[in-house]
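Participant: Structure: my_file.txt, compact mmCIF, C-alpha atoms.
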```txt
# COMPACT_ATOMS: atom_id res chain seq x y z
CA MET A 1 31.45 11.46 14.79
CA SER A 2 30.41 14.35 12.59
CA PRO A 3 29.44 17.64 14.21
CA ARG A 4 25.71 18.15 14.55
CA ARG A 5 24.26 20.49 11.98
CA SER A 6 21.99 23.23 13.23
CA TYR A 7 19.47 25.61 11.77
CA ASP A 8 20.92 28.23 14.13
CA GLN A 9 17.47 29.60 14.86
CA TYR A 10 16.25 30.52 18.34
CA CYS A 11 13.05 28.51 17.96
CA SER A 12 12.05 25.32 19.78
CA ALA A 13 10.81 23.70 16.54
CA ALA A 14 14.15 24.41 14.89
CA ARG A 15 16.02 23.04 17.92
CA ALA A 16 13.90 19.87 17.80
CA LEU A 17 14.66 19.44 14.11
CA ASP A 18 18.36 19.87 14.88
CA LEU A 19 18.01 16.64 16.90
CA VAL A 20 15.49 14.53 14.99
CA GLY A 21 15.18 16.13 11.56
CA ASP A 22 17.73 13.91 9.82
CA ARG A 23 16.47 11.12 7.56
CA TRP A 24 15.81 7.85 9.45
CA THR A 25 16.05 9.29 12.98
CA LEU A 26 12.35 9.23 13.79
CA LEU A 27 11.95 5.79 12.21
CA ILE A 28 14.73 4.52 14.47
CA VAL A 29 12.72 5.92 17.39
CA ARG A 30 9.66 4.07 16.07
CA GLU A 31 11.61 0.80 16.20
CA LEU A 32 13.08 1.47 19.65
CA LEU A 33 9.63 2.13 21.09
CA ALA A 34 9.46 -1.68 21.09
CA GLY A 35 12.23 -1.76 23.69
CA PRO A 36 15.94 -2.61 23.42
CA ARG A 37 17.02 -3.69 19.93
CA ARG A 38 20.25 -5.01 18.51
CA TYR A 39 21.86 -3.24 15.57
CA THR A 40 21.09 -6.20 13.30
CA ASP A 41 17.42 -6.13 14.34
CA LEU A 42 17.18 -2.43 13.59
CA HIS A 43 18.82 -2.88 10.21
CA ALA A 44 16.42 -5.71 9.32
CA ASP A 45 13.34 -3.64 10.22
CA LEU A 46 14.51 -0.46 8.48
CA PRO A 47 14.68 -1.64 4.87
CA GLY A 48 16.50 0.86 2.70
CA VAL A 49 18.87 2.27 5.30
CA SER A 50 22.58 1.69 4.69
CA THR A 51 24.78 0.29 7.44
CA ASP A 52 26.86 3.47 7.49
CA VAL A 53 23.85 5.76 7.85
CA LEU A 54 22.27 3.63 10.56
CA ALA A 55 25.51 3.54 12.55
CA SER A 56 25.91 7.30 12.16
CA ARG A 57 22.34 8.03 13.25
CA LEU A 58 22.65 5.80 16.31
CA LYS A 59 25.87 7.57 17.35
CA ASP A 60 24.22 10.96 16.90
CA MET A 61 21.16 9.88 18.90
CA GLU A 62 23.34 8.57 21.72
CA ARG A 63 25.34 11.81 21.76
CA ASP A 64 22.15 13.86 21.87
CA GLY A 65 20.69 11.92 24.78
CA LEU A 66 17.93 10.16 22.85
CA THR A 67 19.33 6.63 23.14
CA THR A 68 21.77 4.61 25.18
CA ARG A 69 23.79 1.53 24.29
CA ARG A 70 24.47 -1.31 26.71
CA ARG A 71 25.89 -4.80 26.56
CA LEU A 72 23.64 -7.72 27.41
CA PRO A 73 24.94 -10.15 30.03
CA PRO A 74 26.10 -13.62 28.91
CA PRO A 75 25.09 -15.70 27.09
CA GLY A 76 23.75 -12.87 24.90
CA ALA A 77 26.79 -10.59 25.16
CA ALA A 78 25.45 -8.39 22.35
CA TYR A 79 25.00 -4.64 22.42
CA VAL A 80 21.49 -3.25 22.37
CA TYR A 81 20.17 0.25 21.83
CA GLU A 82 17.27 1.68 23.81
CA LEU A 83 15.50 4.98 24.23
CA THR A 84 16.17 7.32 27.11
CA PRO A 85 13.15 8.99 28.75
CA ARG A 86 13.81 11.98 26.46
CA GLY A 87 13.79 9.70 23.43
CA ARG A 88 10.61 7.97 24.57
CA GLY A 89 9.06 11.40 24.89
CA LEU A 90 8.91 11.42 21.08
CA LEU A 91 6.00 8.94 21.16
CA PRO A 92 3.29 11.65 20.99
CA VAL A 93 5.29 13.36 18.23
CA LEU A 94 5.26 10.17 16.16
CA GLN A 95 1.59 9.61 16.94
CA THR A 96 0.65 13.10 15.78
CA LEU A 97 2.90 12.83 12.73
CA GLY A 98 1.35 9.49 11.82
CA GLU A 99 -2.16 10.88 12.20
CA TRP A 100 -1.24 13.87 10.03
CA GLY A 101 0.22 11.53 7.42
CA GLN A 102 -2.87 9.33 7.14
CA ALA A 103 -4.12 11.20 4.09
CA ALA A 104 -0.84 10.54 2.26
CA LEU A 105 -0.73 6.81 2.99
CA GLY A 106 -3.00 5.61 0.21
CA ASP A 107 -2.84 2.03 -1.04
CA ARG A 108 0.28 -0.01 -0.61
CA ARG A 109 2.65 0.38 -3.56
CA PRO A 110 4.51 -2.61 -5.05
CA THR A 111 7.80 -1.15 -3.77
CA ASP A 112 6.52 -0.57 -0.22
CA ALA A 113 8.03 -2.75 2.50
CA VAL A 114 5.78 -3.66 5.42
CA ARG A 115 6.26 -5.13 8.87
CA ALA A 116 3.35 -6.24 11.04
CA HIS A 117 4.50 -4.10 13.98
CA TRP A 118 4.36 -0.93 11.86
CA PHE A 119 0.61 -1.06 12.49
CA ALA A 120 1.22 -0.83 16.26
CA LEU A 121 1.19 2.95 16.60
CA PRO A 122 -1.96 3.51 14.46
CA LEU A 123 -3.82 0.89 16.52
CA LEU A 124 -2.51 2.37 19.75
CA ARG A 125 -4.18 5.68 18.84
CA GLU A 126 -7.50 3.84 18.74
CA LEU A 127 -7.27 2.35 22.24
CA ASP A 128 -8.03 4.01 25.57
CA GLY A 129 -7.24 2.80 29.06
CA ALA A 130 -4.38 0.57 30.10
CA GLY A 131 -3.40 -3.02 29.52
CA VAL A 132 -1.81 -5.44 27.07
CA VAL A 133 -3.40 -6.13 23.70
CA GLU A 134 -2.24 -8.93 21.41
CA VAL A 135 -2.79 -8.39 17.68
CA ARG A 136 -2.72 -11.13 15.05
CA LEU A 137 -2.42 -10.40 11.34
CA ASP A 138 -1.61 -12.70 8.44
CA GLU A 139 1.76 -10.92 8.32
CA GLY A 140 2.57 -11.73 11.93
CA GLN A 141 1.80 -10.99 15.57
CA PHE A 142 2.64 -8.09 17.84
CA HIS A 143 1.41 -6.75 21.14
CA LEU A 144 0.66 -3.30 22.53
CA HIS A 145 1.23 -1.89 26.00
CA VAL A 146 -1.72 0.49 26.09
CA GLY A 147 -1.34 3.40 28.49
CA ALA A 148 2.22 2.45 29.50
CA GLU A 149 4.04 5.47 30.93
CA ASP A 150 7.50 3.93 30.58
CA GLY A 151 9.08 0.87 29.05
CA PRO A 152 8.18 -0.60 25.65
CA VAL A 153 5.11 0.69 23.83
CA TYR A 154 4.77 -2.45 21.71
CA GLY A 155 6.66 -5.63 20.88
CA ASP A 156 6.94 -8.31 18.22
CA GLY A 157 5.30 -11.67 18.71
CA PRO A 158 2.75 -12.84 21.27
CA ALA A 159 2.23 -10.90 24.47
CA PRO A 160 4.68 -11.87 27.24
CA VAL A 161 1.78 -12.08 29.72
CA GLU A 162 -1.88 -13.02 29.42
CA PRO A 163 -3.28 -10.13 27.37
CA ASP A 164 -6.32 -8.11 28.36
CA ALA A 165 -7.58 -8.41 24.79
CA ARG A 166 -6.74 -10.29 21.61
CA LEU A 167 -7.50 -8.81 18.20
CA VAL A 168 -7.58 -10.79 14.97
CA LEU A 169 -7.88 -8.84 11.74
CA ASP A 170 -6.53 -8.74 8.22
CA ALA A 171 -3.96 -6.32 6.86
CA ASP A 172 -6.55 -4.50 4.73
CA THR A 173 -8.58 -3.63 7.82
CA CYS A 174 -5.46 -2.63 9.73
CA ALA A 175 -4.36 -0.44 6.83
CA ALA A 176 -7.82 1.16 6.68
CA VAL A 177 -7.51 2.04 10.37
CA GLY A 178 -4.02 3.40 9.70
CA ARG A 179 -5.36 5.58 6.87
CA GLY A 180 -8.12 6.91 9.10
CA GLU A 181 -10.84 5.44 6.88
CA VAL A 182 -12.43 3.41 9.67
CA ARG A 183 -12.32 3.55 13.45
CA LEU A 184 -11.31 0.39 15.26
CA ARG A 185 -14.62 0.22 17.11
CA ASP A 186 -16.52 0.52 13.83
CA ALA A 187 -14.43 -2.30 12.36
CA VAL A 188 -15.33 -4.45 15.39
CA ARG A 189 -19.00 -3.60 14.90
CA ALA A 190 -18.79 -4.55 11.22
CA GLY A 191 -17.23 -7.93 12.04
CA ARG A 192 -13.89 -7.05 10.48
CA VAL A 193 -12.07 -7.48 13.81
CA THR A 194 -12.50 -10.41 16.19
CA VAL A 195 -12.06 -9.46 19.84
CA THR A 196 -11.52 -12.03 22.60
CA GLY A 197 -10.50 -11.66 26.23
CA ASP A 198 -12.06 -10.67 29.52
CA GLY A 199 -10.11 -7.52 30.32
CA PRO A 200 -11.54 -3.99 30.32
CA LEU A 201 -10.00 -3.23 26.93
CA ALA A 202 -11.71 -6.23 25.33
CA LYS A 203 -15.03 -5.41 26.96
CA ALA A 204 -14.80 -1.77 25.86
CA LEU A 205 -14.21 -2.80 22.24
CA ARG A 206 -17.13 -5.22 22.32
CA GLU A 207 -19.47 -2.59 23.77
CA VAL A 208 -20.42 -1.17 20.41
```
Once you've parsed the file, please lay out its structure as structure tokens.

Facilitator:
Amino acid sequence: MSPRRSYDQYCSAARALDLVGDRWTLLIVRELLAGPRRYTDLHADLPGVSTDVLASRLKDMERDGLTTRRRLPPPGAAYVYELTPRGRGLLPVLQTLGEWGQAALGDRRPTDAVRAHWFALPLLRELDGAGVVEVRLDEGQFHLHVGAEDGPVYGDGPAPVEPDARLVLDADTCAAVGRGEVRLRDAVRAGRVTVTGDGPLAKALREV
């Protein structure tokens, strides 16, 4: 394991960048906000990262107290990585960074990879309250744990429990929300998002 590089500056921002300023680190956090992930899952959802770099980043993050690694019981018997409370504390950092980066997002380029769950954090910024929201796009399904104080923030696939709300929308609308061009409530009002469910989150979105 290589020694951690440091800016050697007595500044909290510099200290934070000592820990998460390396390429790929914050995107690994983004993936682990979905809960425990296997190395192969992380590699599949981080297109462009080499196996050596991913392994190195995960070791650094474990050393720095951002992640832990544990072995699943049989029949899985695979190792998974998950965020520590300190690592999960980067959620608001990623949310603010994503909001700041909206203006740079622009239209999707031909070389841009996309995963349905990458829209999870932008949509999460648009939702208040607490509950489970299931989201269906042409590209796939994911679910959000709105207002969760610990545990996963989102997950791939259908919600593991009956969701408080279900949203159906296309990728263009989701991207427009991600770019800050339209608020989720306004998209519901315009008929670009279909909302079903009887939970408070569904009712709040329909009250437009």

Participant: Quote the spacing between CA of Leu169 (chain A) and CA of Leu127 (chain A) in Å to one decimal place.

Facilitator: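 It comes out at 15.4 Å.
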
Participant: Applying 8 Å and all atoms listed in the file, which residues near region 46-58 of chain A remain after dropping the ones on its own chain fewer than 6 positions away? List them as a list in words.

Facilitator: Met1, Trp24, Thr25, Leu27, Ile28, Thr67 and Ala113 of chain A

Participant: Expressed in Å to a single decimal, how great is the separation between CA of Trp118 (chain A) and CA of Asp18 (chain A)?

Facilitator: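 Calculated distance between CA of Trp118 (chain A) and CA of Asp18 (chain A) is 25.3 Å.
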
Participant: Need the shell around Thr96 (chain A): protein/DNA/RNA residues with any atom at most 12 Å away, counting all atoms listed in the file. Skip same-chain ones fewer than 5 positions apart. Format as an MDAnalysis selection string?

Facilitator: chainID A and resid 90:91 101:102 121:122 124:125

Participant: Using only C-alpha atoms, which of the listed residues (A:Trp100, A:Tyr154, A:Tyr7, A:Phe119) sits closest to Leu19 (chain A)?

Facilitator: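 Answer, going by the shortest atom-to-atom distance: A:Tyr7.
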
Participant: Env of Lys203 (chain A): 12 Å cut, atoms = all atoms listed in the file, seq-sep filter 6 positions within chain, self excluded. Answer as a PyMOL selection string.

Facilitator: chain A and resi 127-129+164-166+185+188+195-197

Participant: Give me, please, the distance in Å between CA of Pro85 (chain A) and CA of Ala16 (chain A), quoted to one decimal.

Facilitator: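 Taking CA of Pro85 (chain A) and CA of Ala16 (chain A), their separation equals 15.5 Å.
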
Participant: Using all atoms listed in the file, which residues sit within 8 Å of Glu31 (chain A) once same-chain residues fewer than 6 positions away are excluded, as a tab-separated table (two decimals) with C-alpha atoms, in the coordinates of the input?

Facilitator:
```
chain	number	residue	atom	x	y	z
A	37	ARG	CA	17.02	-3.69	19.93
A	42	LEU	CA	17.18	-2.43	13.59
A	45	ASP	CA	13.34	-3.64	10.22
```

Participant: Would you mind completing region 111-143 of chain A to N, CA and C atoms and writing the output as a PDB file, in the coordinates of the input?

Facilitator:
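To be explicit, this is the file written out as result.pdb:
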```pdb
ATOM      1  N   THR A 111       6.447  -1.326  -4.333  1.00  0.00           N
ATOM      2  CA  THR A 111       7.800  -1.150  -3.770  1.00  0.00           C
ATOM      3  C   THR A 111       7.789  -0.953  -2.258  1.00  0.00           C
ATOM      4  N   ASP A 112       6.612  -0.851  -1.654  1.00  0.00           N
ATOM      5  CA  ASP A 112       6.520  -0.570  -0.220  1.00  0.00           C
ATOM      6  C   ASP A 112       6.830  -1.810   0.611  1.00  0.00           C
ATOM      7  N   ALA A 113       7.803  -1.702   1.506  1.00  0.00           N
ATOM      8  CA  ALA A 113       8.030  -2.750   2.500  1.00  0.00           C
ATOM      9  C   ALA A 113       6.952  -2.635   3.579  1.00  0.00           C
ATOM     10  N   VAL A 114       6.737  -3.704   4.319  1.00  0.00           N
ATOM     11  CA  VAL A 114       5.780  -3.660   5.420  1.00  0.00           C
ATOM     12  C   VAL A 114       6.242  -4.646   6.496  1.00  0.00           C
ATOM     13  N   ARG A 115       6.046  -4.263   7.723  1.00  0.00           N
ATOM     14  CA  ARG A 115       6.260  -5.130   8.870  1.00  0.00           C
ATOM     15  C   ARG A 115       4.982  -5.081   9.706  1.00  0.00           C
ATOM     16  N   ALA A 116       4.594  -6.204  10.271  1.00  0.00           N
ATOM     17  CA  ALA A 116       3.350  -6.240  11.040  1.00  0.00           C
ATOM     18  C   ALA A 116       3.347  -5.179  12.142  1.00  0.00           C
ATOM     19  N   HIS A 117       4.491  -5.011  12.834  1.00  0.00           N
ATOM     20  CA  HIS A 117       4.500  -4.100  13.980  1.00  0.00           C
ATOM     21  C   HIS A 117       4.429  -2.627  13.583  1.00  0.00           C
ATOM     22  N   TRP A 118       4.542  -2.311  12.277  1.00  0.00           N
ATOM     23  CA  TRP A 118       4.360  -0.930  11.860  1.00  0.00           C
ATOM     24  C   TRP A 118       2.921  -0.467  12.035  1.00  0.00           C
ATOM     25  N   PHE A 119       2.011  -1.417  12.219  1.00  0.00           N
ATOM     26  CA  PHE A 119       0.610  -1.060  12.490  1.00  0.00           C
ATOM     27  C   PHE A 119       0.371  -0.781  13.985  1.00  0.00           C
ATOM     28  N   ALA A 120       1.410  -0.963  14.807  1.00  0.00           N
ATOM     29  CA  ALA A 120       1.220  -0.830  16.260  1.00  0.00           C
ATOM     30  C   ALA A 120       0.792   0.582  16.650  1.00  0.00           C
ATOM     31  N   LEU A 121       1.497   1.595  16.167  1.00  0.00           N
ATOM     32  CA  LEU A 121       1.190   2.950  16.600  1.00  0.00           C
ATOM     33  C   LEU A 121      -0.180   3.425  16.118  1.00  0.00           C
ATOM     34  N   PRO A 122      -0.589   3.141  14.853  1.00  0.00           N
ATOM     35  CA  PRO A 122      -1.960   3.510  14.460  1.00  0.00           C
ATOM     36  C   PRO A 122      -3.027   2.846  15.327  1.00  0.00           C
ATOM     37  N   LEU A 123      -2.838   1.569  15.664  1.00  0.00           N
ATOM     38  CA  LEU A 123      -3.820   0.890  16.520  1.00  0.00           C
ATOM     39  C   LEU A 123      -3.796   1.461  17.932  1.00  0.00           C
ATOM     40  N   LEU A 124      -2.617   1.810  18.403  1.00  0.00           N
ATOM     41  CA  LEU A 124      -2.510   2.370  19.750  1.00  0.00           C
ATOM     42  C   LEU A 124      -3.319   3.652  19.882  1.00  0.00           C
ATOM     43  N   ARG A 125      -3.384   4.441  18.813  1.00  0.00           N
ATOM     44  CA  ARG A 125      -4.180   5.680  18.840  1.00  0.00           C
ATOM     45  C   ARG A 125      -5.658   5.403  19.033  1.00  0.00           C
ATOM     46  N   GLU A 126      -6.080   4.188  18.702  1.00  0.00           N
ATOM     47  CA  GLU A 126      -7.500   3.840  18.740  1.00  0.00           C
ATOM     48  C   GLU A 126      -7.926   3.240  20.086  1.00  0.00           C
ATOM     49  N   LEU A 127      -6.974   3.051  20.993  1.00  0.00           N
ATOM     50  CA  LEU A 127      -7.270   2.350  22.240  1.00  0.00           C
ATOM     51  C   LEU A 127      -7.110   3.282  23.433  1.00  0.00           C
ATOM     52  N   ASP A 128      -8.076   3.229  24.335  1.00  0.00           N
ATOM     53  CA  ASP A 128      -8.030   4.010  25.570  1.00  0.00           C
ATOM     54  C   ASP A 128      -7.886   3.066  26.757  1.00  0.00           C
ATOM     55  N   GLY A 129      -7.391   3.599  27.853  1.00  0.00           N
ATOM     56  CA  GLY A 129      -7.240   2.800  29.060  1.00  0.00           C
ATOM     57  C   GLY A 129      -5.830   2.298  29.220  1.00  0.00           C
ATOM     58  N   ALA A 130      -5.695   1.142  29.839  1.00  0.00           N
ATOM     59  CA  ALA A 130      -4.380   0.570  30.100  1.00  0.00           C
ATOM     60  C   ALA A 130      -4.480  -0.942  30.077  1.00  0.00           C
ATOM     61  N   GLY A 131      -3.432  -1.568  29.575  1.00  0.00           N
ATOM     62  CA  GLY A 131      -3.400  -3.020  29.520  1.00  0.00           C
ATOM     63  C   GLY A 131      -2.623  -3.502  28.311  1.00  0.00           C
ATOM     64  N   VAL A 132      -2.550  -4.813  28.167  1.00  0.00           N
ATOM     65  CA  VAL A 132      -1.810  -5.440  27.070  1.00  0.00           C
ATOM     66  C   VAL A 132      -2.792  -5.989  26.050  1.00  0.00           C
ATOM     67  N   VAL A 133      -2.551  -5.658  24.803  1.00  0.00           N
ATOM     68  CA  VAL A 133      -3.400  -6.130  23.700  1.00  0.00           C
ATOM     69  C   VAL A 133      -2.522  -6.899  22.720  1.00  0.00           C
ATOM     70  N   GLU A 134      -2.943  -8.111  22.402  1.00  0.00           N
ATOM     71  CA  GLU A 134      -2.240  -8.930  21.410  1.00  0.00           C
ATOM     72  C   GLU A 134      -2.968  -8.814  20.081  1.00  0.00           C
ATOM     73  N   VAL A 135      -2.215  -8.605  19.012  1.00  0.00           N
ATOM     74  CA  VAL A 135      -2.790  -8.390  17.680  1.00  0.00           C
ATOM     75  C   VAL A 135      -2.236  -9.456  16.739  1.00  0.00           C
ATOM     76  N   ARG A 136      -3.137 -10.110  16.004  1.00  0.00           N
ATOM     77  CA  ARG A 136      -2.720 -11.130  15.050  1.00  0.00           C
ATOM     78  C   ARG A 136      -3.159 -10.737  13.654  1.00  0.00           C
ATOM     79  N   LEU A 137      -2.189 -10.638  12.763  1.00  0.00           N
ATOM     80  CA  LEU A 137      -2.420 -10.400  11.340  1.00  0.00           C
ATOM     81  C   LEU A 137      -1.858 -11.583  10.563  1.00  0.00           C
ATOM     82  N   ASP A 138      -2.222 -11.673   9.280  1.00  0.00           N
ATOM     83  CA  ASP A 138      -1.610 -12.700   8.440  1.00  0.00           C
ATOM     84  C   ASP A 138      -0.101 -12.509   8.361  1.00  0.00           C
ATOM     85  N   GLU A 139       0.333 -11.247   8.433  1.00  0.00           N
ATOM     86  CA  GLU A 139       1.760 -10.920   8.320  1.00  0.00           C
ATOM     87  C   GLU A 139       2.545 -11.226   9.587  1.00  0.00           C
ATOM     88  N   GLY A 140       1.864 -11.447  10.694  1.00  0.00           N
ATOM     89  CA  GLY A 140       2.570 -11.730  11.930  1.00  0.00           C
ATOM     90  C   GLY A 140       1.810 -11.231  13.144  1.00  0.00           C
ATOM     91  N   GLN A 141       2.397 -11.402  14.303  1.00  0.00           N
ATOM     92  CA  GLN A 141       1.800 -10.990  15.570  1.00  0.00           C
ATOM     93  C   GLN A 141       2.635  -9.897  16.219  1.00  0.00           C
ATOM     94  N   PHE A 142       1.964  -9.038  16.971  1.00  0.00           N
ATOM     95  CA  PHE A 142       2.640  -8.090  17.840  1.00  0.00           C
ATOM     96  C   PHE A 142       1.726  -7.787  19.003  1.00  0.00           C
ATOM     97  N   HIS A 143       2.229  -7.099  19.985  1.00  0.00           N
ATOM     98  CA  HIS A 143       1.410  -6.750  21.140  1.00  0.00           C
ATOM     99  C   HIS A 143       1.635  -5.293  21.510  1.00  0.00           C
TER     100      HIS A 143
END
```
